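Undergrad: See my_file-v1.pdb below, with PDB, C-alpha atoms, pLDDT in the B column.
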```pdb
ATOM      1  CA  MET G   1       8.133  56.907  -4.734  1.00 62.00           C
ATOM      2  CA  ARG G   2      11.799  57.827  -4.931  1.00 68.00           C
ATOM      3  CA  SER G   3      12.725  61.014  -6.743  1.00 79.00           C
ATOM      4  CA  PRO G   4      14.971  60.813  -9.828  1.00 80.00           C
ATOM      5  CA  ILE G   5      17.551  63.006  -8.110  1.00 83.00           C
ATOM      6  CA  ARG G   6      17.642  60.665  -5.123  1.00 82.00           C
ATOM      7  CA  GLU G   7      18.008  57.703  -7.485  1.00 80.00           C
ATOM      8  CA  ILE G   8      20.957  59.325  -9.282  1.00 82.00           C
ATOM      9  CA  SER G   9      22.678  60.333  -6.047  1.00 84.00           C
ATOM     10  CA  ASP G  10      22.209  56.835  -4.605  1.00 81.00           C
ATOM     11  CA  LYS G  11      23.732  55.259  -7.725  1.00 81.00           C
ATOM     12  CA  THR G  12      26.641  57.707  -7.684  1.00 85.00           C
ATOM     13  CA  ALA G  13      27.339  57.018  -4.025  1.00 87.00           C
ATOM     14  CA  PHE G  14      27.116  53.276  -4.643  1.00 81.00           C
ATOM     15  CA  ARG G  15      29.571  53.557  -7.553  1.00 85.00           C
ATOM     16  CA  ALA G  16      32.035  55.576  -5.492  1.00 89.00           C
ATOM     17  CA  ILE G  17      31.866  53.122  -2.607  1.00 89.00           C
ATOM     18  CA  CYS G  18      32.294  50.178  -4.977  1.00 86.00           C
ATOM     19  CA  LEU G  19      35.343  51.721  -6.620  1.00 88.00           C
ATOM     20  CA  ALA G  20      36.917  52.560  -3.263  1.00 91.00           C
ATOM     21  CA  VAL G  21      36.318  49.013  -2.013  1.00 90.00           C
ATOM     22  CA  ILE G  22      37.735  47.555  -5.242  1.00 88.00           C
ATOM     23  CA  LEU G  23      40.904  49.607  -4.869  1.00 86.00           C
ATOM     24  CA  VAL G  24      41.434  48.709  -1.221  1.00 89.00           C
ATOM     25  CA  LEU G  25      40.795  45.019  -1.853  1.00 87.00           C
ATOM     26  CA  SER G  26      43.042  45.007  -4.936  1.00 82.00           C
ATOM     27  CA  TRP G  27      45.817  46.583  -2.922  1.00 83.00           C
ATOM     28  CA  LEU G  28      45.384  44.037  -0.114  1.00 85.00           C
ATOM     29  CA  GLU G  29      45.337  41.144  -2.593  1.00 81.00           C
ATOM     30  CA  ALA G  30      48.535  42.353  -4.227  1.00 76.00           C
ATOM     31  CA  SER G  31      50.324  42.133  -0.889  1.00 79.00           C
ATOM     32  CA  VAL G  32      49.052  38.629   0.045  1.00 78.00           C
ATOM     33  CA  PRO G  33      50.049  36.089  -2.628  1.00 73.00           C
ATOM     34  CA  LEU G  34      48.660  32.559  -2.448  1.00 71.00           C
ATOM     35  CA  GLY G  35      51.858  30.962  -3.744  1.00 74.00           C
ATOM     36  CA  VAL G  36      50.630  30.133  -7.260  1.00 73.00           C
ATOM     37  CA  PRO G  37      51.253  32.614 -10.098  1.00 67.00           C
ATOM     38  CA  GLY G  38      48.111  34.554 -10.991  1.00 65.00           C
ATOM     39  CA  VAL G  39      46.041  33.298  -8.067  1.00 74.00           C
ATOM     40  CA  LYS G  40      44.690  35.795  -5.553  1.00 78.00           C
ATOM     41  CA  PHE G  41      41.728  35.721  -3.234  1.00 81.00           C
ATOM     42  CA  GLY G  42      39.658  37.707  -5.740  1.00 83.00           C
ATOM     43  CA  PHE G  43      37.843  39.870  -3.227  1.00 85.00           C
ATOM     44  CA  SER G  44      37.848  42.844  -5.606  1.00 84.00           C
ATOM     45  CA  ASN G  45      35.917  40.686  -8.081  1.00 86.00           C
ATOM     46  CA  LEU G  46      33.312  40.225  -5.376  1.00 89.00           C
ATOM     47  CA  VAL G  47      32.389  43.878  -5.816  1.00 89.00           C
ATOM     48  CA  ILE G  48      31.952  43.366  -9.555  1.00 90.00           C
ATOM     49  CA  LEU G  49      29.701  40.362  -8.911  1.00 89.00           C
ATOM     50  CA  VAL G  50      27.597  42.381  -6.458  1.00 88.00           C
ATOM     51  CA  CYS G  51      27.336  45.199  -9.022  1.00 88.00           C
ATOM     52  CA  LEU G  52      26.118  42.666 -11.584  1.00 88.00           C
ATOM     53  CA  ASN G  53      23.408  41.555  -9.181  1.00 83.00           C
ATOM     54  CA  VAL G  54      22.305  45.004  -8.067  1.00 81.00           C
ATOM     55  CA  TYR G  55      22.669  47.185 -11.190  1.00 82.00           C
ATOM     56  CA  GLY G  56      23.380  44.884 -14.131  1.00 86.00           C
ATOM     57  CA  PHE G  57      26.068  44.322 -16.722  1.00 91.00           C
ATOM     58  CA  ARG G  58      26.764  47.908 -17.796  1.00 91.00           C
ATOM     59  CA  GLU G  59      27.432  49.018 -14.234  1.00 88.00           C
ATOM     60  CA  ALA G  60      29.607  45.993 -13.516  1.00 90.00           C
ATOM     61  CA  LEU G  61      31.533  46.507 -16.743  1.00 93.00           C
ATOM     62  CA  ALA G  62      32.154  50.128 -15.775  1.00 91.00           C
ATOM     63  CA  MET G  63      33.481  48.953 -12.398  1.00 90.00           C
ATOM     64  CA  ALA G  64      35.648  46.335 -14.126  1.00 91.00           C
ATOM     65  CA  VAL G  65      37.164  48.909 -16.478  1.00 92.00           C
ATOM     66  CA  LEU G  66      37.767  51.313 -13.605  1.00 89.00           C
ATOM     67  CA  LYS G  67      39.386  48.489 -11.622  1.00 87.00           C
ATOM     68  CA  ILE G  68      41.734  47.766 -14.516  1.00 88.00           C
ATOM     69  CA  LEU G  69      42.681  51.411 -14.992  1.00 88.00           C
ATOM     70  CA  MET G  70      43.068  52.208 -11.310  1.00 85.00           C
ATOM     71  CA  SER G  71      45.137  49.111 -10.608  1.00 79.00           C
ATOM     72  CA  LEU G  72      47.310  50.068 -13.580  1.00 82.00           C
ATOM     73  CA  VAL G  73      47.941  53.503 -12.123  1.00 83.00           C
ATOM     74  CA  LEU G  74      47.920  52.854  -8.377  1.00 78.00           C
ATOM     75  CA  ILE G  75      48.768  49.227  -7.641  1.00 71.00           C
ATOM     76  CA  ASN G  76      50.451  47.007 -10.206  1.00 68.00           C
ATOM     77  CA  GLY G  77      51.707  49.241 -12.967  1.00 72.00           C
ATOM     78  CA  PHE G  78      51.864  48.285 -16.624  1.00 77.00           C
ATOM     79  CA  SER G  79      53.636  44.971 -16.047  1.00 73.00           C
ATOM     80  CA  SER G  80      50.396  43.230 -15.098  1.00 80.00           C
ATOM     81  CA  PHE G  81      47.988  45.315 -17.211  1.00 86.00           C
ATOM     82  CA  TRP G  82      47.191  42.609 -19.767  1.00 88.00           C
ATOM     83  CA  TYR G  83      46.732  39.969 -17.087  1.00 87.00           C
ATOM     84  CA  THR G  84      44.393  42.187 -15.097  1.00 86.00           C
ATOM     85  CA  ALA G  85      42.483  43.311 -18.180  1.00 91.00           C
ATOM     86  CA  ALA G  86      42.034  39.818 -19.609  1.00 92.00           C
ATOM     87  CA  GLY G  87      41.057  38.269 -16.289  1.00 91.00           C
ATOM     88  CA  THR G  88      38.702  41.006 -15.162  1.00 91.00           C
ATOM     89  CA  LEU G  89      36.909  41.494 -18.483  1.00 94.00           C
ATOM     90  CA  SER G  90      36.487  37.801 -19.242  1.00 95.00           C
ATOM     91  CA  SER G  91      35.262  37.185 -15.710  1.00 94.00           C
ATOM     92  CA  CYS G  92      32.783  40.059 -15.854  1.00 93.00           C
ATOM     93  CA  LEU G  93      31.404  38.979 -19.214  1.00 95.00           C
ATOM     94  CA  SER G  94      31.119  35.302 -18.279  1.00 94.00           C
ATOM     95  CA  MET G  95      29.419  36.136 -14.971  1.00 92.00           C
ATOM     96  CA  ALA G  96      26.958  38.444 -16.751  1.00 92.00           C
ATOM     97  CA  ILE G  97      26.039  35.630 -19.129  1.00 91.00           C
ATOM     98  CA  ALA G  98      25.769  33.202 -16.220  1.00 90.00           C
ATOM     99  CA  ILE G  99      23.581  35.609 -14.233  1.00 85.00           C
ATOM    100  CA  ARG G 100      21.228  35.939 -17.154  1.00 84.00           C
ATOM    101  CA  TYR G 101      21.008  32.149 -17.163  1.00 78.00           C
ATOM    102  CA  TYR G 102      20.858  32.117 -13.345  1.00 72.00           C
ATOM    103  CA  GLN G 103      17.701  34.188 -13.315  1.00 69.00           C
ATOM    104  CA  LYS G 104      15.980  31.725 -15.616  1.00 63.00           C
ATOM    105  CA  ASN G 105      17.233  28.374 -14.325  1.00 68.00           C
ATOM    106  CA  LYS G 106      18.345  28.951 -10.738  1.00 75.00           C
ATOM    107  CA  ILE G 107      22.113  28.459 -10.874  1.00 83.00           C
ATOM    108  CA  SER G 108      23.475  29.600  -7.527  1.00 86.00           C
ATOM    109  CA  MET G 109      25.667  32.657  -7.211  1.00 88.00           C
ATOM    110  CA  MET G 110      28.441  30.308  -6.131  1.00 91.00           C
ATOM    111  CA  GLY G 111      28.137  28.697  -9.567  1.00 91.00           C
ATOM    112  CA  VAL G 112      28.127  32.083 -11.277  1.00 91.00           C
ATOM    113  CA  SER G 113      31.223  33.091  -9.339  1.00 93.00           C
ATOM    114  CA  ALA G 114      32.949  29.789 -10.146  1.00 94.00           C
ATOM    115  CA  ILE G 115      32.298  30.407 -13.847  1.00 94.00           C
ATOM    116  CA  GLY G 116      33.771  33.900 -13.522  1.00 94.00           C
ATOM    117  CA  GLY G 117      36.786  32.560 -11.643  1.00 93.00           C
ATOM    118  CA  PHE G 118      37.379  29.887 -14.278  1.00 95.00           C
ATOM    119  CA  PHE G 119      37.374  32.436 -17.097  1.00 96.00           C
ATOM    120  CA  HIS G 120      39.494  34.832 -15.049  1.00 93.00           C
ATOM    121  CA  ILE G 121      42.329  32.392 -14.343  1.00 93.00           C
ATOM    122  CA  THR G 122      42.138  30.745 -17.769  1.00 94.00           C
ATOM    123  CA  SER G 123      42.426  34.039 -19.618  1.00 94.00           C
ATOM    124  CA  GLN G 124      45.341  35.095 -17.426  1.00 91.00           C
ATOM    125  CA  TYR G 125      47.197  31.878 -18.208  1.00 92.00           C
ATOM    126  CA  VAL G 126      46.457  32.319 -21.916  1.00 93.00           C
ATOM    127  CA  VAL G 127      47.925  35.832 -21.742  1.00 92.00           C
ATOM    128  CA  ALA G 128      50.967  34.455 -19.903  1.00 90.00           C
ATOM    129  CA  ALA G 129      51.498  31.718 -22.505  1.00 91.00           C
ATOM    130  CA  THR G 130      51.092  34.269 -25.302  1.00 91.00           C
ATOM    131  CA  THR G 131      53.391  36.932 -23.881  1.00 89.00           C
ATOM    132  CA  LEU G 132      56.047  34.467 -22.769  1.00 86.00           C
ATOM    133  CA  TYR G 133      55.788  32.493 -26.028  1.00 86.00           C
ATOM    134  CA  THR G 134      55.569  29.165 -24.211  1.00 85.00           C
ATOM    135  CA  PRO G 135      52.740  26.860 -23.225  1.00 85.00           C
ATOM    136  CA  SER G 136      54.809  25.574 -20.293  1.00 87.00           C
ATOM    137  CA  VAL G 137      53.113  28.096 -17.989  1.00 86.00           C
ATOM    138  CA  PHE G 138      50.083  25.800 -18.096  1.00 88.00           C
ATOM    139  CA  GLY G 139      52.000  23.381 -15.864  1.00 87.00           C
ATOM    140  CA  MET G 140      50.741  25.383 -12.867  1.00 87.00           C
ATOM    141  CA  TYR G 141      47.254  25.783 -14.314  1.00 91.00           C
ATOM    142  CA  PRO G 142      45.547  22.796 -12.581  1.00 91.00           C
ATOM    143  CA  ILE G 143      46.590  24.020  -9.136  1.00 90.00           C
ATOM    144  CA  ALA G 144      45.674  27.603 -10.008  1.00 89.00           C
ATOM    145  CA  ALA G 145      42.278  26.520 -11.349  1.00 91.00           C
ATOM    146  CA  LEU G 146      41.535  24.499  -8.214  1.00 93.00           C
ATOM    147  CA  LEU G 147      42.469  27.356  -5.871  1.00 90.00           C
ATOM    148  CA  THR G 148      40.460  29.751  -8.017  1.00 90.00           C
ATOM    149  CA  LEU G 149      37.451  27.446  -7.865  1.00 93.00           C
ATOM    150  CA  LEU G 150      37.634  27.326  -4.076  1.00 93.00           C
ATOM    151  CA  THR G 151      37.969  31.081  -3.653  1.00 91.00           C
ATOM    152  CA  SER G 152      35.250  31.683  -6.264  1.00 93.00           C
ATOM    153  CA  ILE G 153      32.761  29.523  -4.390  1.00 94.00           C
ATOM    154  CA  ILE G 154      33.447  31.476  -1.202  1.00 94.00           C
ATOM    155  CA  LEU G 155      33.065  34.756  -3.094  1.00 92.00           C
ATOM    156  CA  GLY G 156      29.773  33.570  -4.598  1.00 92.00           C
ATOM    157  CA  TRP G 157      28.449  32.776  -1.139  1.00 93.00           C
ATOM    158  CA  LEU G 158      29.554  36.195   0.146  1.00 93.00           C
ATOM    159  CA  SER G 159      27.964  37.814  -2.891  1.00 90.00           C
ATOM    160  CA  GLU G 160      24.588  36.258  -2.059  1.00 87.00           C
ATOM    161  CA  LYS G 161      24.814  37.591   1.497  1.00 89.00           C
ATOM    162  CA  ILE G 162      25.916  41.088   0.478  1.00 88.00           C
ATOM    163  CA  THR G 163      23.364  41.371  -2.321  1.00 83.00           C
ATOM    164  CA  GLY G 164      20.629  40.299   0.078  1.00 80.00           C
ATOM    165  CA  GLN G 165      21.668  42.980   2.547  1.00 80.00           C
ATOM    166  CA  ILE G 166      21.815  45.656  -0.151  1.00 76.00           C
ATOM    167  CA  SER G 167      18.418  44.648  -1.516  1.00 65.00           C
ATOM    168  CA  ASN G 168      16.869  44.661   1.959  1.00 63.00           C
ATOM    169  CA  SER G 169      18.349  47.995   3.007  1.00 60.00           C
ATOM    170  CA  TYR G 170      17.698  49.700  -0.347  1.00 53.00           C
ATOM    171  CA  TYR G 171      14.013  50.127   0.397  1.00 48.00           C
ATOM    172  CA  ASP G 172      14.368  50.910   4.105  1.00 45.00           C
ATOM    173  CA  TYR G 173      14.770  54.652   3.692  1.00 43.00           C
TER     174      TYR G 173
END
```
Now, as a test, write the supplied structure out as structure tokens.

TA:
Amino acid sequence: MRSPIREISDKTAFRAICLAVILVLSWLEASVPLGVPGVKFGFSNLVILVCLNVYGFREALAMAVLKILMSLVLINGFSSFWYTAAGTLSSCLSMAIAIRYYQKNKISMMGVSAIGGFFHITSQYVVAATTLYTPSVFGMYPIAALLTLLTSIILGWLSEKITGQISNSYYDY
């Protein structure tokens, strides 16, 4: 039986590690563009997906909000705030809904991640069309959606592996 203090300290350490990993991955992603506006590898969203699997929606939402705020302050500045906020929050919410469905009907984590990626890129393009007052930005959307789908499937696969390792090691000590 684990003590409540140990449980709290483990969660706090996990949160701190997750936030640090999100920040490092966000910084790396910002410096490696994929050539299509709004499309990145999405590795920082991997952490949010793992948090959804391990601790649930509230924890993942907290990580998503912290990601948005920290990237605002440390990485991108205010110019990309709305894009980051829309993409991250819509992705987190859609993945949480998909995970709830996943547990009942066995959708793979690659599918959950693909759903999150779809909502992430779509909401970013909607923000772009709204802020630029033109729907012409959607001309790049099919390519962006395809690249996002590919990276999301990879992230879903990685998420399954990482979550399995966390679940296995959680009870080892």

Undergrad: Expand the PyMOL selection byres ((chain G and resi 9-13) around 12) into the explicit residue set it covers here, and present it as number ranges by chain.

TA: G: 2-8, 14-20, 51, 54-55, 59, 170-171, 173

Undergrad: I need the chosen residues saved as a JSON list (two decimals), in the frame of the given file, with C-alpha atoms.

TA:
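Now in selection.json:
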```
[["chain", "number", "residue", "atom", "x", "y", "z"],
["G", 2, "ARG", "CA", 11.80, 57.83, -4.93],
["G", 3, "SER", "CA", 12.72, 61.01, -6.74],
["G", 4, "PRO", "CA", 14.97, 60.81, -9.83],
["G", 5, "ILE", "CA", 17.55, 63.01, -8.11],
["G", 6, "ARG", "CA", 17.64, 60.66, -5.12],
["G", 7, "GLU", "CA", 18.01, 57.70, -7.48],
["G", 8, "ILE", "CA", 20.96, 59.32, -9.28],
["G", 14, "PHE", "CA", 27.12, 53.28, -4.64],
["G", 15, "ARG", "CA", 29.57, 53.56, -7.55],
["G", 16, "ALA", "CA", 32.03, 55.58, -5.49],
["G", 17, "ILE", "CA", 31.87, 53.12, -2.61],
["G", 18, "CYS", "CA", 32.29, 50.18, -4.98],
["G", 19, "LEU", "CA", 35.34, 51.72, -6.62],
["G", 20, "ALA", "CA", 36.92, 52.56, -3.26],
["G", 51, "CYS", "CA", 27.34, 45.20, -9.02],
["G", 54, "VAL", "CA", 22.30, 45.00, -8.07],
["G", 55, "TYR", "CA", 22.67, 47.18, -11.19],
["G", 59, "GLU", "CA", 27.43, 49.02, -14.23],
["G", 170, "TYR", "CA", 17.70, 49.70, -0.35],
["G", 171, "TYR", "CA", 14.01, 50.13, 0.40],
["G", 173, "TYR", "CA", 14.77, 54.65, 3.69]]
```

Undergrad: When the PyMOL selection byres ((chain G and resi 46) around 8) is applied to the file above, which residues end up in the set, as a count of residues only?

TA: 12

Undergrad: The PyMOL selection byres ((chain G and resi 98) around 9) - which residues does that actually catch in the file I just gave you? List them as a list in words.

TA: Leu93, Ser94, Met95, Ala96, Ile97, Ile99, Arg100, Tyr101, Tyr102, Gln103, Ile107, Gly111, Val112, Ser113, Ile115 and Gly116 of chain G

Undergrad: Between CA of Ser26 in chain G and CA of His120 in chain G, what distance in Å does the model show, to one decimal?

TA: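 Computed distance, CA of Ser26 in chain G to CA of His120 in chain G, equals 14.8 Å.
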
Undergrad: Which residue out of G:Met110, G:Val65, G:Ala85, G:Leu52 has the minimum interatomic distance to Thr151 in chain G when only C-alpha atoms are used?

TA: G:Met110

Undergrad: Could you work out how far CA of Thr148 in chain G lies from CA of Val32 in chain G, giving the answer in Å with one decimal?

TA: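 So the answer is 14.8 Å.
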
Undergrad: Please measure the separation of CA of Ser80 in chain G and CA of Gly56 in chain G, giving the value in Å to one decimal.

TA: 27.1 Å

Undergrad: Near range 71-79 of chain G, within 10 Å and counting all atoms listed in the file, which residues show up once chain neighbours fewer than 6 positions away are dropped, as a PDB file with C-alpha atoms, in the frame of the given file?

TA:
```pdb
ATOM      1  CA  ILE G  22      37.735  47.555  -5.242  1.00 88.00           C
ATOM      2  CA  LEU G  23      40.904  49.607  -4.869  1.00 86.00           C
ATOM      3  CA  VAL G  24      41.434  48.709  -1.221  1.00 89.00           C
ATOM      4  CA  SER G  26      43.042  45.007  -4.936  1.00 82.00           C
ATOM      5  CA  TRP G  27      45.817  46.583  -2.922  1.00 83.00           C
ATOM      6  CA  LEU G  28      45.384  44.037  -0.114  1.00 85.00           C
ATOM      7  CA  ALA G  30      48.535  42.353  -4.227  1.00 76.00           C
ATOM      8  CA  SER G  31      50.324  42.133  -0.889  1.00 79.00           C
ATOM      9  CA  VAL G  65      37.164  48.909 -16.478  1.00 92.00           C
ATOM     10  CA  ALA G  85      42.483  43.311 -18.180  1.00 91.00           C
TER      11      ALA G  85
END
```

Undergrad: Pick the closest to Ser91 in chain G from G:Ala114, G:Leu34, G:Leu69, G:Met109: which is it, counting all atoms listed in the file?

TA: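 Closest to Ser91 in chain G of all the choices is G:Ala114.
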
Undergrad: Out of G:Thr88, G:Lys106, G:Gly164, G:Lys40, which residue has the shortest atom-to-atom distance to Ala145 in chain G when counting only C-alpha atoms?

TA: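 Under the stated criterion, the closest residue is G:Lys40.
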
Undergrad: Could you complete range 3-33 of chain G so that it carries N, CA and C atoms, and give it back as an mmCIF file, in the frame of the given file?

TA:
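So part.cif came out as:
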```cif
data_model
loop_
_atom_site.group_PDB
_atom_site.id
_atom_site.type_symbol
_atom_site.label_atom_id
_atom_site.label_comp_id
_atom_site.auth_asym_id
_atom_site.auth_seq_id
_atom_site.Cartn_x
_atom_site.Cartn_y
_atom_site.Cartn_z
ATOM 1 N N SER G 3 12.518 59.988 -5.730
ATOM 2 C CA SER G 3 12.725 61.014 -6.743
ATOM 3 C C SER G 3 13.883 60.630 -7.652
ATOM 4 N N PRO G 4 13.858 61.119 -8.904
ATOM 5 C CA PRO G 4 14.971 60.813 -9.828
ATOM 6 C C PRO G 4 16.320 61.328 -9.321
ATOM 7 N N ILE G 5 16.309 62.453 -8.638
ATOM 8 C CA ILE G 5 17.551 63.006 -8.110
ATOM 9 C C ILE G 5 18.098 62.099 -7.020
ATOM 10 N N ARG G 6 17.220 61.598 -6.176
ATOM 11 C CA ARG G 6 17.642 60.665 -5.123
ATOM 12 C C ARG G 6 18.198 59.383 -5.733
ATOM 13 N N GLU G 7 17.555 58.912 -6.794
ATOM 14 C CA GLU G 7 18.008 57.703 -7.485
ATOM 15 C C GLU G 7 19.412 57.899 -8.058
ATOM 16 N N ILE G 8 19.642 59.027 -8.690
ATOM 17 C CA ILE G 8 20.957 59.325 -9.282
ATOM 18 C C ILE G 8 22.016 59.464 -8.191
ATOM 19 N N SER G 9 21.687 60.160 -7.115
ATOM 20 C CA SER G 9 22.678 60.333 -6.047
ATOM 21 C C SER G 9 22.982 59.008 -5.353
ATOM 22 N N ASP G 10 21.977 58.153 -5.193
ATOM 23 C CA ASP G 10 22.209 56.835 -4.605
ATOM 24 C C ASP G 10 23.121 55.996 -5.488
ATOM 25 N N LYS G 11 22.881 56.024 -6.803
ATOM 26 C CA LYS G 11 23.732 55.259 -7.725
ATOM 27 C C LYS G 11 25.163 55.791 -7.717
ATOM 28 N N THR G 12 25.310 57.101 -7.692
ATOM 29 C CA THR G 12 26.641 57.707 -7.684
ATOM 30 C C THR G 12 27.389 57.334 -6.407
ATOM 31 N N ALA G 13 26.709 57.401 -5.291
ATOM 32 C CA ALA G 13 27.339 57.018 -4.025
ATOM 33 C C ALA G 13 27.709 55.539 -4.039
ATOM 34 N N PHE G 14 26.833 54.708 -4.556
ATOM 35 C CA PHE G 14 27.116 53.276 -4.643
ATOM 36 C C PHE G 14 28.332 53.019 -5.523
ATOM 37 N N ARG G 15 28.416 53.706 -6.663
ATOM 38 C CA ARG G 15 29.571 53.557 -7.553
ATOM 39 C C ARG G 15 30.864 53.965 -6.862
ATOM 40 N N ALA G 16 30.830 55.089 -6.168
ATOM 41 C CA ALA G 16 32.035 55.576 -5.492
ATOM 42 C C ALA G 16 32.484 54.601 -4.402
ATOM 43 N N ILE G 17 31.537 54.087 -3.651
ATOM 44 C CA ILE G 17 31.866 53.122 -2.607
ATOM 45 C C ILE G 17 32.434 51.849 -3.231
ATOM 46 N N CYS G 18 31.810 51.386 -4.294
ATOM 47 C CA CYS G 18 32.294 50.178 -4.977
ATOM 48 C C CYS G 18 33.722 50.362 -5.474
ATOM 49 N N LEU G 19 33.993 51.485 -6.102
ATOM 50 C CA LEU G 19 35.343 51.721 -6.620
ATOM 51 C C LEU G 19 36.353 51.805 -5.484
ATOM 52 N N ALA G 20 36.005 52.471 -4.406
ATOM 53 C CA ALA G 20 36.917 52.560 -3.263
ATOM 54 C C ALA G 20 37.187 51.175 -2.678
ATOM 55 N N VAL G 21 36.150 50.368 -2.552
ATOM 56 C CA VAL G 21 36.318 49.013 -2.013
ATOM 57 C C VAL G 21 37.170 48.167 -2.963
ATOM 58 N N ILE G 22 36.933 48.290 -4.260
ATOM 59 C CA ILE G 22 37.735 47.555 -5.242
ATOM 60 C C ILE G 22 39.209 47.909 -5.097
ATOM 61 N N LEU G 23 39.508 49.183 -4.969
ATOM 62 C CA LEU G 23 40.904 49.607 -4.869
ATOM 63 C C LEU G 23 41.569 49.101 -3.592
ATOM 64 N N VAL G 24 40.861 49.189 -2.484
ATOM 65 C CA VAL G 24 41.434 48.709 -1.221
ATOM 66 C C VAL G 24 41.650 47.203 -1.288
ATOM 67 N N LEU G 25 40.662 46.473 -1.775
ATOM 68 C CA LEU G 25 40.795 45.019 -1.853
ATOM 69 C C LEU G 25 41.869 44.597 -2.849
ATOM 70 N N SER G 26 41.983 45.302 -3.964
ATOM 71 C CA SER G 26 43.042 45.007 -4.936
ATOM 72 C C SER G 26 44.413 45.223 -4.320
ATOM 73 N N TRP G 27 44.544 46.295 -3.580
ATOM 74 C CA TRP G 27 45.817 46.583 -2.922
ATOM 75 C C TRP G 27 46.146 45.495 -1.898
ATOM 76 N N LEU G 28 45.154 45.097 -1.100
ATOM 77 C CA LEU G 28 45.384 44.037 -0.114
ATOM 78 C C LEU G 28 45.752 42.717 -0.786
ATOM 79 N N GLU G 29 45.052 42.387 -1.868
ATOM 80 C CA GLU G 29 45.337 41.144 -2.593
ATOM 81 C C GLU G 29 46.743 41.130 -3.169
ATOM 82 N N ALA G 30 47.189 42.278 -3.640
ATOM 83 C CA ALA G 30 48.535 42.353 -4.227
ATOM 84 C C ALA G 30 49.610 42.075 -3.185
ATOM 85 N N SER G 31 49.320 42.341 -1.925
ATOM 86 C CA SER G 31 50.324 42.133 -0.889
ATOM 87 C C SER G 31 50.205 40.777 -0.183
ATOM 88 N N VAL G 32 49.219 39.952 -0.569
ATOM 89 C CA VAL G 32 49.052 38.629 0.045
ATOM 90 C C VAL G 32 48.963 37.568 -1.058
ATOM 91 N N PRO G 33 50.096 37.112 -1.581
ATOM 92 C CA PRO G 33 50.049 36.089 -2.628
ATOM 93 C C PRO G 33 49.674 34.722 -2.049
#
```
